[in-house]
Structure formats: structure tokens, C-alpha cells
Amino acid sequence: MDRRNVQSQEGVTLVGAGLPRGQDVADAMIHAPFLVAADGGAAFCMSEQLTPRAVIGDFDSLDPALRDAMDGTRMIRVDEQISTDFEKCLTLIDAPFVIATGFTDGRLDHTMAALSVLARGLGPPTLMIGPEDVIFSAPARLALDLPPGTRLSLFPMAPVTGRSAGLEWPIDGLTLDPMGRIGTSNRVTGPVELAFDKPGCLVIIPRPGLAAALRALTG
């Protein structure tokens with residue numbers, strides 16, 4: 001198996017096995033045409049007549065017959081069981097950004113594990129999309145242009161302190177903590193500016209904000 005990094009000059013659409021939807025993959029590939037599957041996500045890609053350029057994972061959920069039938073697809077097998085397939089993928093992808101789908105539905109423990117990986121900011125700038133939301137890890141500073149009234153939630157995966165502009169309920173001077181104060185269901189009042197003292201906070205916005213979030217993260 002080829003263990004070299006997956007390298008792309010374009011954005012990467014990464015498909016997981018957690019109940020991905022064809023429309024989500026199609027929407028992601030408008031911005032990120034280089035298709036990669038995380039382990040069992042390859043089966044969904046093939047069912048949609050999409051052949052991933054690479055498959056990354058421990059292959060515990062990928063049918064060997066399907067794997068053998070995927071001519072021309074790089075198979076990157078990582079046998080250790082300490083990290084999730086999502087983490088393996090982000091560690092091995094070298095690209096301007098990643099749009100990941102098929103990680104927010106299905107089993108709740110898989111979703112929570114994926115959000116934990118996302119919050120750590122591994123690999124390229126990564127946006128996770130589902131039917132309703134776009135989720136990404138907040139960088140140290142973020143400027144985001146969204147229509148007034150847009151829902152914007154901040155969910156800390158670790159204690160963080162931040163500042164904000166353009167939110168109905170500012171976070172200046174607050175410590176957000178998963179075991180204490182969180183920042184869900186805020187609303188945009190103008191151009192949003194966020195700053196955090198350290199990594200660990202997730203930003204969650206509605207799906208129509210995907211392009212704006214992508215611009216904010218890739219500049």
C-alpha cells in the first residue's frame with residue numbers, strides 16, 4: 001500500500017461512511033474537485049458513480065472486493081487503531097483545504113470523534129458539512145462576512161477565551177467551556193470578527209454560508 005501523502009493543488013472533498021448524501025458531495029466538489037474517501041466512504045462514492053482519487057484508512061469497513069475493483073485509485077492503508085479514519089486522512093492530505101462530508105450523521109460516537117479531531121486543527125483548513133450546517137475550527141483570528149440575522153454558534157471543545165465583533169451577543173471577556181458557558185445560537189449583526197487565545201472552538205453556521213466560510217479560512 002502507498003503511504004505517501006495525498007497531494008493536490010485543488011481543494012479536497014473527503015467522504016466518510018457516516019451516511020453521506022449525494023447532494024452534499026456534489027456541493028463540496030464544486031469547490032473541491034479532488035475526491036478522497038475515508039475507508040468505507042469509498043463504497044458510497046462508487047454507488048454514486050464517483051471514483052475517488054485515493055482511499056485512506058485502516059480498511060476495516062471497506063469490502064475487499066470493492067477495493068480490488070477500484071483500478072487507478074490509490075489505497076493508503078494505516079493499520080493502527082489509535083486514531084480515527086478522519087484523523088488519518090487529515091494527517092495525510094496535503095491540499096489548500098478540505099471539505100469533509102459523511103462525518104456528522106450516523107453513529108453519534110463517530111460524529112463526536114470527528115468533531116474532536118476537527119477542533120484540533122489537524123492538516124489543511126477543514127470544513128465539515130452536513131444537511132443543515134457547516135462546521136470548522138476557529139483559527140486565532142477570523143473575519144467572516146455573513147448576512148445579518150444568520151445563526152452563528154460557537155461550541156468550545158476545550159476552555160477558550162475570545163473577542164468578537166458583529167454578533168448580537170459578544171463574547172468579549174468570556175471563557176467558553178464545554179462544561180460551562182457555551183456560545184450556541186448567536187446571531188450575526190454585521191461583518192463578523194472573532195479572535196481566540198488558543199485552538200479548540202468550533203464555529204457552526206448554516207449551509208448557505210459554505211462559500212463565505214471557505215473564503216474566510218483560505219483568504
# chains A, B, ... in the order shown; residues from 1 in each chain; ligands from 1
$ residues_around --residues "A:Leu14" --least-positions-apart "3" --cutoff "6 Å" --atoms "only C-alpha atoms" --output "list in words"
Val36, Ala37 and Ala100 of chain A
$ write_last_selection --atoms "N, CA and C atoms" --output "PDB file, in the first residue's frame"
ATOM      1  N   VAL A  36     -11.495  12.262  -2.307  1.00  0.00           N
ATOM      2  CA  VAL A  36     -10.821  11.268  -1.478  1.00  0.00           C
ATOM      3  C   VAL A  36     -11.878  10.636  -0.574  1.00  0.00           C
ATOM      4  N   ALA A  37     -11.753   9.344  -0.333  1.00  0.00           N
ATOM      5  CA  ALA A  37     -12.673   8.647   0.563  1.00  0.00           C
ATOM      6  C   ALA A  37     -11.945   8.207   1.819  1.00  0.00           C
ATOM      7  N   ALA A 100     -15.181  18.146   4.171  1.00  0.00           N
ATOM      8  CA  ALA A 100     -15.479  16.779   4.595  1.00  0.00           C
ATOM      9  C   ALA A 100     -16.976  16.601   4.767  1.00  0.00           C
TER      10      ALA A 100
END
$ residues_around --residues "A:Phe34" --least-positions-apart "2" --cutoff "12 Å" --atoms "only C-alpha atoms" --output "count of residues only"
33
$ atom_distance --atom1 "atom CA of A:Leu108" --atom2 "atom CA of A:Glu87"
16.7 Å
$ residues_around --residues "A:Thr161" --least-positions-apart "4" --cutoff "12 Å" --atoms "only C-alpha atoms" --output "JSON, numbers by chain"
{"A": [138, 140, 154, 155, 156, 170, 171, 172, 173, 174, 175, 176, 177, 181, 182, 183, 194, 195, 196, 197, 198, 199, 200, 201]}
$ write_last_selection --atoms "N, CA and C atoms" --output "PDB file, in the first residue's frame"
ATOM      1  N   ALA A 138     -12.204  27.280  14.670  1.00  0.00           N
ATOM      2  CA  ALA A 138     -11.874  28.701  14.602  1.00  0.00           C
ATOM      3  C   ALA A 138     -10.363  28.903  14.674  1.00  0.00           C
ATOM      4  N   ALA A 140      -6.963  31.497  15.097  1.00  0.00           N
ATOM      5  CA  ALA A 140      -6.720  32.532  16.102  1.00  0.00           C
ATOM      6  C   ALA A 140      -7.489  33.804  15.790  1.00  0.00           C
ATOM      7  N   LEU A 154     -20.982  29.098  18.488  1.00  0.00           N
ATOM      8  CA  LEU A 154     -19.615  28.793  18.908  1.00  0.00           C
ATOM      9  C   LEU A 154     -19.693  27.681  19.941  1.00  0.00           C
ATOM     10  N   PHE A 155     -19.028  26.566  19.637  1.00  0.00           N
ATOM     11  CA  PHE A 155     -19.044  25.468  20.594  1.00  0.00           C
ATOM     12  C   PHE A 155     -17.613  25.128  20.988  1.00  0.00           C
ATOM     13  N   PRO A 156     -17.236  25.383  22.246  1.00  0.00           N
ATOM     14  CA  PRO A 156     -15.882  25.097  22.684  1.00  0.00           C
ATOM     15  C   PRO A 156     -15.702  23.606  22.953  1.00  0.00           C
ATOM     16  N   PRO A 170     -21.948  39.570  22.236  1.00  0.00           N
ATOM     17  CA  PRO A 170     -20.491  39.490  22.163  1.00  0.00           C
ATOM     18  C   PRO A 170     -19.923  38.484  23.163  1.00  0.00           C
ATOM     19  N   ILE A 171     -18.738  38.003  22.853  1.00  0.00           N
ATOM     20  CA  ILE A 171     -18.080  37.041  23.748  1.00  0.00           C
ATOM     21  C   ILE A 171     -16.878  37.656  24.454  1.00  0.00           C
ATOM     22  N   ASP A 172     -16.681  38.953  24.301  1.00  0.00           N
ATOM     23  CA  ASP A 172     -15.519  39.601  24.897  1.00  0.00           C
ATOM     24  C   ASP A 172     -15.435  39.333  26.398  1.00  0.00           C
ATOM     25  N   GLY A 173     -14.267  38.872  26.824  1.00  0.00           N
ATOM     26  CA  GLY A 173     -14.024  38.643  28.236  1.00  0.00           C
ATOM     27  C   GLY A 173     -14.620  37.364  28.781  1.00  0.00           C
ATOM     28  N   LEU A 174     -15.313  36.597  27.944  1.00  0.00           N
ATOM     29  CA  LEU A 174     -15.931  35.355  28.411  1.00  0.00           C
ATOM     30  C   LEU A 174     -15.002  34.168  28.177  1.00  0.00           C
ATOM     31  N   THR A 175     -15.050  33.221  29.067  1.00  0.00           N
ATOM     32  CA  THR A 175     -14.389  31.941  28.839  1.00  0.00           C
ATOM     33  C   THR A 175     -15.450  30.931  28.442  1.00  0.00           C
ATOM     34  N   LEU A 176     -15.311  30.413  27.235  1.00  0.00           N
ATOM     35  CA  LEU A 176     -16.219  29.375  26.764  1.00  0.00           C
ATOM     36  C   LEU A 176     -15.635  28.024  27.149  1.00  0.00           C
ATOM     37  N   ASP A 177     -16.498  27.141  27.609  1.00  0.00           N
ATOM     38  CA  ASP A 177     -16.020  25.873  28.176  1.00  0.00           C
ATOM     39  C   ASP A 177     -17.095  24.814  27.928  1.00  0.00           C
ATOM     40  N   ARG A 181     -20.010  27.691  30.159  1.00  0.00           N
ATOM     41  CA  ARG A 181     -20.669  28.571  29.196  1.00  0.00           C
ATOM     42  C   ARG A 181     -20.290  28.171  27.774  1.00  0.00           C
ATOM     43  N   ILE A 182     -21.292  27.998  26.933  1.00  0.00           N
ATOM     44  CA  ILE A 182     -21.049  27.764  25.516  1.00  0.00           C
ATOM     45  C   ILE A 182     -21.640  28.932  24.729  1.00  0.00           C
ATOM     46  N   GLY A 183     -21.542  28.902  23.429  1.00  0.00           N
ATOM     47  CA  GLY A 183     -21.949  30.068  22.644  1.00  0.00           C
ATOM     48  C   GLY A 183     -22.854  29.730  21.484  1.00  0.00           C
ATOM     49  N   LEU A 194     -13.706  37.432  14.852  1.00  0.00           N
ATOM     50  CA  LEU A 194     -13.504  36.608  16.041  1.00  0.00           C
ATOM     51  C   LEU A 194     -12.023  36.473  16.314  1.00  0.00           C
ATOM     52  N   ALA A 195     -11.656  36.407  17.577  1.00  0.00           N
ATOM     53  CA  ALA A 195     -10.272  36.154  17.974  1.00  0.00           C
ATOM     54  C   ALA A 195     -10.303  35.261  19.209  1.00  0.00           C
ATOM     55  N   PHE A 196      -9.410  34.273  19.226  1.00  0.00           N
ATOM     56  CA  PHE A 196      -9.344  33.336  20.345  1.00  0.00           C
ATOM     57  C   PHE A 196      -7.915  33.206  20.840  1.00  0.00           C
ATOM     58  N   ASP A 197      -7.785  32.898  22.127  1.00  0.00           N
ATOM     59  CA  ASP A 197      -6.452  32.811  22.714  1.00  0.00           C
ATOM     60  C   ASP A 197      -5.757  31.498  22.383  1.00  0.00           C
ATOM     61  N   LYS A 198      -6.528  30.481  21.988  1.00  0.00           N
ATOM     62  CA  LYS A 198      -5.929  29.182  21.638  1.00  0.00           C
ATOM     63  C   LYS A 198      -6.928  28.377  20.829  1.00  0.00           C
ATOM     64  N   PRO A 199      -6.483  27.298  20.188  1.00  0.00           N
ATOM     65  CA  PRO A 199      -7.407  26.461  19.419  1.00  0.00           C
ATOM     66  C   PRO A 199      -8.399  25.759  20.339  1.00  0.00           C
ATOM     67  N   GLY A 200      -9.495  25.283  19.724  1.00  0.00           N
ATOM     68  CA  GLY A 200     -10.426  24.466  20.481  1.00  0.00           C
ATOM     69  C   GLY A 200     -11.882  24.848  20.340  1.00  0.00           C
ATOM     70  N   CYS A 201     -12.186  25.928  19.602  1.00  0.00           N
ATOM     71  CA  CYS A 201     -13.574  26.354  19.450  1.00  0.00           C
ATOM     72  C   CYS A 201     -14.067  26.050  18.041  1.00  0.00           C
TER      73      CYS A 201
END
$ closest_residue --among "A:Thr104, A:Thr111, A:Gln81, A:Asn186" --to "A:Leu152" --atoms "only C-alpha atoms"
A:Asn186
$ closest_residue --among "A:Met70, A:Ala143, A:Cys89, A:Leu202" --to "A:Gly123" --atoms "only C-alpha atoms"
A:Cys89
$ residues_around --residues "A:Arg67" --least-positions-apart "6" --cutoff "10 Å" --atoms "only C-alpha atoms" --output "ChimeraX atom specification"
/A:39-40,42-43,55,59,73-75
$ select_by_dssp --residues "stretch 149-196 of chain A" --states "strand (DSSP E)" --output "ChimeraX atom specification"
/A:151-156,160-167,175-176,183-196
$ closest_residue --among "A:Pro147, A:Gly180, A:Asp63, A:Gly102" --to "A:Ala212" --atoms "only C-alpha atoms"
A:Pro147
$ atom_distance --atom1 "atom CA of A:Thr84" --atom2 "atom CA of A:Leu66"
21.2 Å
$ closest_residue --among "A:Ala38, A:Leu62, A:Leu92, A:Leu118" --to "A:Asn5" --atoms "only C-alpha atoms"
A:Leu92
$ atom_distance --atom1 "atom CA of A:Phe136" --atom2 "atom CA of A:Val203"
5.4 Å
